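Have a look at upload00.cif below; it lists mmCIF, C-alpha atoms.
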data_data
#
loop_
_atom_site.label_atom_id
_atom_site.label_comp_id
_atom_site.auth_asym_id
_atom_site.auth_seq_id
_atom_site.Cartn_x
_atom_site.Cartn_y
_atom_site.Cartn_z
CA MET A 1 0.00 0.00 0.00
CA GLU A 2 2.76 2.47 0.94
CA GLN A 3 4.81 1.90 -2.24
CA LYS A 4 1.71 2.35 -4.44
CA PHE A 5 0.87 5.57 -2.59
CA ASP A 6 4.43 6.88 -3.02
CA ARG A 7 4.10 6.37 -6.81
CA GLU A 8 0.77 8.27 -6.83
CA ASN A 9 2.06 11.08 -4.59
CA VAL A 10 3.42 13.17 -7.47
CA PHE A 11 4.66 16.03 -5.26
CA GLY A 12 6.70 13.73 -3.01
CA ARG A 13 6.51 12.88 0.66
CA GLY A 14 9.24 15.25 1.84
CA GLU A 15 10.78 15.14 5.29
CA LEU A 16 9.29 14.06 8.60
CA ASN A 17 7.32 17.01 9.99
CA SER A 18 9.16 17.13 13.31
CA ALA A 19 8.74 20.92 13.77
CA TYR A 20 4.95 20.54 14.07
CA ALA A 21 4.79 16.95 15.40
CA GLN A 22 3.27 18.15 18.68
CA TYR A 23 0.14 19.22 16.74
CA PHE A 24 -0.40 15.85 15.02
CA ILE A 25 -1.54 12.39 16.04
CA GLY A 26 0.70 10.06 14.04
CA HIS A 27 3.43 11.01 11.56
CA SER A 28 3.17 13.65 8.86
CA TYR A 29 5.68 14.80 6.25
CA LEU A 30 6.30 18.21 4.64
CA ASN A 31 7.59 18.94 1.17
CA PRO A 32 7.90 22.70 0.52
CA LEU A 33 6.77 23.51 -3.03
CA GLY A 34 7.23 27.27 -3.15
CA ARG A 35 7.04 30.57 -1.36
CA VAL A 36 6.39 34.14 -2.45
CA GLU A 37 7.71 36.14 0.50
CA GLU A 38 6.40 39.56 -0.58
CA ALA A 39 2.89 38.14 -1.02
CA GLY A 40 2.97 36.05 2.15
CA LEU A 41 2.10 32.96 0.10
CA SER A 42 3.50 29.49 0.74
CA LEU A 43 2.69 26.04 -0.64
CA PHE A 44 3.49 22.71 0.98
CA ASN A 45 2.69 19.14 0.08
CA VAL A 46 1.62 17.56 3.38
CA THR A 47 1.55 13.77 3.62
CA PHE A 48 -0.20 11.89 6.44
CA GLU A 49 0.40 8.24 7.32
CA PRO A 50 -2.77 6.15 7.85
CA GLY A 51 -4.64 7.41 10.92
CA CYS A 52 -2.61 10.63 11.14
CA ARG A 53 -4.46 13.92 11.58
CA ASN A 54 -3.65 17.36 12.83
CA ASN A 55 -5.20 18.96 15.90
CA TRP A 56 -8.14 21.27 15.63
CA HIS A 57 -6.75 24.63 14.54
CA ILE A 58 -7.72 28.10 13.33
CA HIS A 59 -6.06 30.31 10.71
CA HIS A 60 -6.81 33.75 12.12
CA ALA A 61 -6.91 36.95 10.04
CA THR A 62 -8.62 40.30 10.29
CA ARG A 63 -8.86 40.45 6.49
CA GLY A 64 -8.23 37.75 3.88
CA GLY A 65 -6.33 34.75 5.20
CA GLY A 66 -7.45 31.17 5.61
CA GLN A 67 -6.18 28.09 3.82
CA ILE A 68 -6.79 26.11 0.64
CA LEU A 69 -6.29 22.34 0.47
CA ILE A 70 -5.85 20.59 -2.89
CA CYS A 71 -6.03 16.83 -2.38
CA THR A 72 -3.52 14.94 -4.52
CA ALA A 73 -3.21 11.30 -3.37
CA GLY A 74 -4.86 8.77 -1.07
CA SER A 75 -7.94 9.58 0.99
CA GLY A 76 -8.57 11.66 4.06
CA TRP A 77 -11.00 13.70 6.12
CA TYR A 78 -11.70 17.40 6.62
CA GLN A 79 -14.03 18.69 9.31
CA GLU A 80 -15.12 22.11 10.51
CA GLU A 81 -16.35 22.57 14.04
CA ASN A 82 -20.05 21.64 14.43
CA LYS A 83 -20.23 20.21 10.89
CA SER A 84 -20.07 16.71 9.45
CA PRO A 85 -16.72 15.40 8.14
CA VAL A 86 -16.01 15.66 4.40
CA SER A 87 -14.30 12.78 2.59
CA LEU A 88 -11.20 13.88 0.68
CA VAL A 89 -9.92 12.18 -2.48
CA PRO A 90 -7.55 13.32 -5.25
CA GLY A 91 -9.06 16.35 -6.98
CA THR A 92 -11.03 17.58 -3.96
CA VAL A 93 -10.45 21.27 -3.20
CA ILE A 94 -11.34 22.69 0.21
CA VAL A 95 -11.40 26.45 0.79
CA ILE A 96 -11.16 27.22 4.49
CA PRO A 97 -12.12 30.77 5.42
CA ALA A 98 -10.13 32.58 8.07
CA ASN A 99 -11.23 32.11 11.69
CA VAL A 100 -12.87 28.69 11.12
CA LYS A 101 -11.89 25.92 13.55
CA HIS A 102 -11.13 22.69 11.65
CA TRP A 103 -8.88 19.65 11.28
CA HIS A 104 -7.75 17.41 8.39
CA GLY A 105 -5.82 14.20 7.95
CA ALA A 106 -5.70 10.67 6.57
CA LYS A 107 -8.38 8.04 6.89
CA LYS A 108 -7.41 5.25 9.27
CA ASP A 109 -6.62 2.83 6.42
CA SER A 110 -5.04 5.14 3.82
CA TRP A 111 -2.05 7.37 3.28
CA PHE A 112 -3.12 10.88 2.24
CA SER A 113 -1.52 13.99 0.69
CA HIS A 114 -2.74 17.48 0.00
CA ILE A 115 -1.17 20.73 -1.08
CA ALA A 116 -1.71 23.33 1.65
CA ILE A 117 -1.83 26.96 0.56
CA GLU A 118 -1.75 29.64 3.20
CA VAL A 119 -3.94 32.48 1.90
CA PRO A 120 -2.35 35.92 2.38
CA GLY A 121 -4.17 38.29 4.69
CA GLU A 122 -3.82 40.94 7.35
CA ASN A 123 -2.84 40.09 10.92
CA THR A 124 -2.60 36.38 10.15
CA SER A 125 -1.69 33.78 12.76
CA ASN A 126 -2.35 30.11 13.43
CA GLU A 127 -3.85 28.86 16.66
CA TRP A 128 -3.35 25.18 17.46
CA CYS A 129 -6.08 23.72 19.64
CA GLU A 130 -6.91 20.34 21.18
CA PRO A 131 -6.30 16.97 19.47
CA VAL A 132 -9.17 15.32 17.58
CA GLU A 133 -10.69 12.77 19.95
CA GLU A 134 -10.58 9.11 18.87
CA GLU A 135 -14.38 8.89 19.12
CA ALA A 136 -14.87 11.86 16.75
CA TYR A 137 -12.22 10.58 14.32
CA ALA A 138 -13.83 7.12 14.19
CA GLN A 139 -17.38 8.45 13.50
CA PRO A 140 -17.29 9.10 9.75
#

Take the structure in this file and express it as structure tokens.
Amino acid sequence: MEQKFDRENVFGRGELNSAYAQYFIGHSYLNPLGRVEEAGLSLFNVTFEPGCRNNWHIHHATRGGGQILICTAGSGWYQEENKSPVSLVPGTVIVIPANVKHWHGAKKDSWFSHIAIEVPGENTSNEWCEPVEEEAYAQP
């Protein structure tokens, strides 16, 4: 399963995401794809091992901001607070407005990758919140 996924993951797994490991259950990997410093724009391919997901988090901004996810390989989940989870497969695009609490990650039986785009804005910051409970993760 892992070798097949690596062939499908056209943007590459990248390196173990040790800098943000405290905000993930399981292992994730980061592959930087590009950055436009003057625009405040960055793109990363994020890969999640089966069962891996990030904590609930919020991309704050007073204007603009948020995040865009472009799913590229495997299958995963995305969920906003107080909403049902959304199944993610290659080709799915999720636009996350600023100030919306959410999480995303792999399904329990699949590797998963998405390109994460931080949307430029004013007074942007990320707030990492609590881990996604096992019961909530297992519901979909």

Nearest to A:Asn31 among A:Ala116, A:Ala138, A:Val86, A:Ile94, with distances taken over all atoms listed in the file: which residue is it? A:Ala116

Can you tell me, as AutoDock Vina command-line options, the centre and edge lengths (Å, one decimal) of the axis-aligned box enclosing all of stretch 85-89 of chain A's listed atoms after padding each side by 5 Å?
--center_x -13.3 --center_y 13.9 --center_z 2.8 --size_x 16.8 --size_y 13.5 --size_z 20.6

Atom CA of A:Lys83 to atom CA of A:Tyr29, straight-line distance in Å: 26.9 Å

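What the PyMOL selection byres ((chain A and resi 64) around 10) matches in the given file is A:His60, A:Ala61, A:Thr62, A:Arg63, A:Gly65, A:Gly66, A:Gln67, A:Pro97, A:Ala98, A:Val119, A:Pro120, A:Gly121, A:Glu122, A:Asn123, A:Thr124.
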
Would you write out, as a PyMOL selection string, every residue that the PyMOL selection byres ((chain A and resi 10) around 10) captures in this file? chain A and resi 5-9+11-13+45+72-73+113

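For the choices A:His114, A:Lys101, A:Gly76, A:Ile68, the atom-to-atom distance to A:Arg53 is smallest for A:Gly76 when using only C-alpha atoms.
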
Evaluate the PyMOL selection byres ((chain A and resi 57) around 9) and report residues as a PDB file with C-alpha atoms, in the coordinates of the input:
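Now in out-v5.pdb:
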ATOM      1  CA  ASN A  54      -3.650  17.360  12.830  1.00  0.00           C
ATOM      2  CA  ASN A  55      -5.200  18.960  15.900  1.00  0.00           C
ATOM      3  CA  TRP A  56      -8.140  21.270  15.630  1.00  0.00           C
ATOM      4  CA  ILE A  58      -7.720  28.100  13.330  1.00  0.00           C
ATOM      5  CA  HIS A  59      -6.060  30.310  10.710  1.00  0.00           C
ATOM      6  CA  VAL A 100     -12.870  28.690  11.120  1.00  0.00           C
ATOM      7  CA  LYS A 101     -11.890  25.920  13.550  1.00  0.00           C
ATOM      8  CA  HIS A 102     -11.130  22.690  11.650  1.00  0.00           C
ATOM      9  CA  TRP A 103      -8.880  19.650  11.280  1.00  0.00           C
ATOM     10  CA  ASN A 126      -2.350  30.110  13.430  1.00  0.00           C
ATOM     11  CA  GLU A 127      -3.850  28.860  16.660  1.00  0.00           C
ATOM     12  CA  TRP A 128      -3.350  25.180  17.460  1.00  0.00           C
ATOM     13  CA  CYS A 129      -6.080  23.720  19.640  1.00  0.00           C
ATOM     14  CA  GLU A 130      -6.910  20.340  21.180  1.00  0.00           C
TER      15      GLU A 130
END

Just checking: using all atoms listed in the file, which residue out of A:Glu80, A:Glu118, A:Glu135, A:Asp109 ends up closest to A:Leu43? A:Glu118

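The gap separating atom CA of A:Cys71 from atom CA of A:Pro32 is 15.4 Å, in Å to one decimal.
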
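Going from atom CA of A:Gly40 over to atom CA of A:Ser75, you cover 28.7 Å.
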
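Of the residues listed (A:Ser18, A:Ser28, A:Gln139, A:Ser110), A:Ser110 shows the shortest atom-to-atom separation from A:Lys4; distances use only C-alpha atoms.
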
Long-range neighbours of A:Tyr78 as a PDB file with C-alpha atoms, in the frame of the given file, 7 Å cut-off, all atoms listed in the file, 4 positions minimum in chain:
ATOM      1  CA  PRO A  85     -16.720  15.400   8.140  1.00  0.00           C
ATOM      2  CA  VAL A  86     -16.010  15.660   4.400  1.00  0.00           C
ATOM      3  CA  SER A  87     -14.300  12.780   2.590  1.00  0.00           C
ATOM      4  CA  LEU A  88     -11.200  13.880   0.680  1.00  0.00           C
ATOM      5  CA  TRP A 103      -8.880  19.650  11.280  1.00  0.00           C
ATOM      6  CA  HIS A 104      -7.750  17.410   8.390  1.00  0.00           C
ATOM      7  CA  GLY A 105      -5.820  14.200   7.950  1.00  0.00           C
TER       8      GLY A 105
END

Considering all atoms listed in the file, can you say which of A:Tyr137, A:Gly74, A:Lys108, A:Ile117 comes closest to A:Val95? A:Ile117

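Here the selection is built from all atoms listed in the file, and the residues within 7 Å of (-2.1, 11.6, 14.2) turn out to be Phe24, Ile25, Gly26, His27, Gly51, Cys52, Arg53 and Asn54 of chain A.
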
Taking all atoms listed in the file into account, which of A:Leu16, A:Val89, A:Ile70, A:Ala39 comes nearest A:Lys107? A:Val89
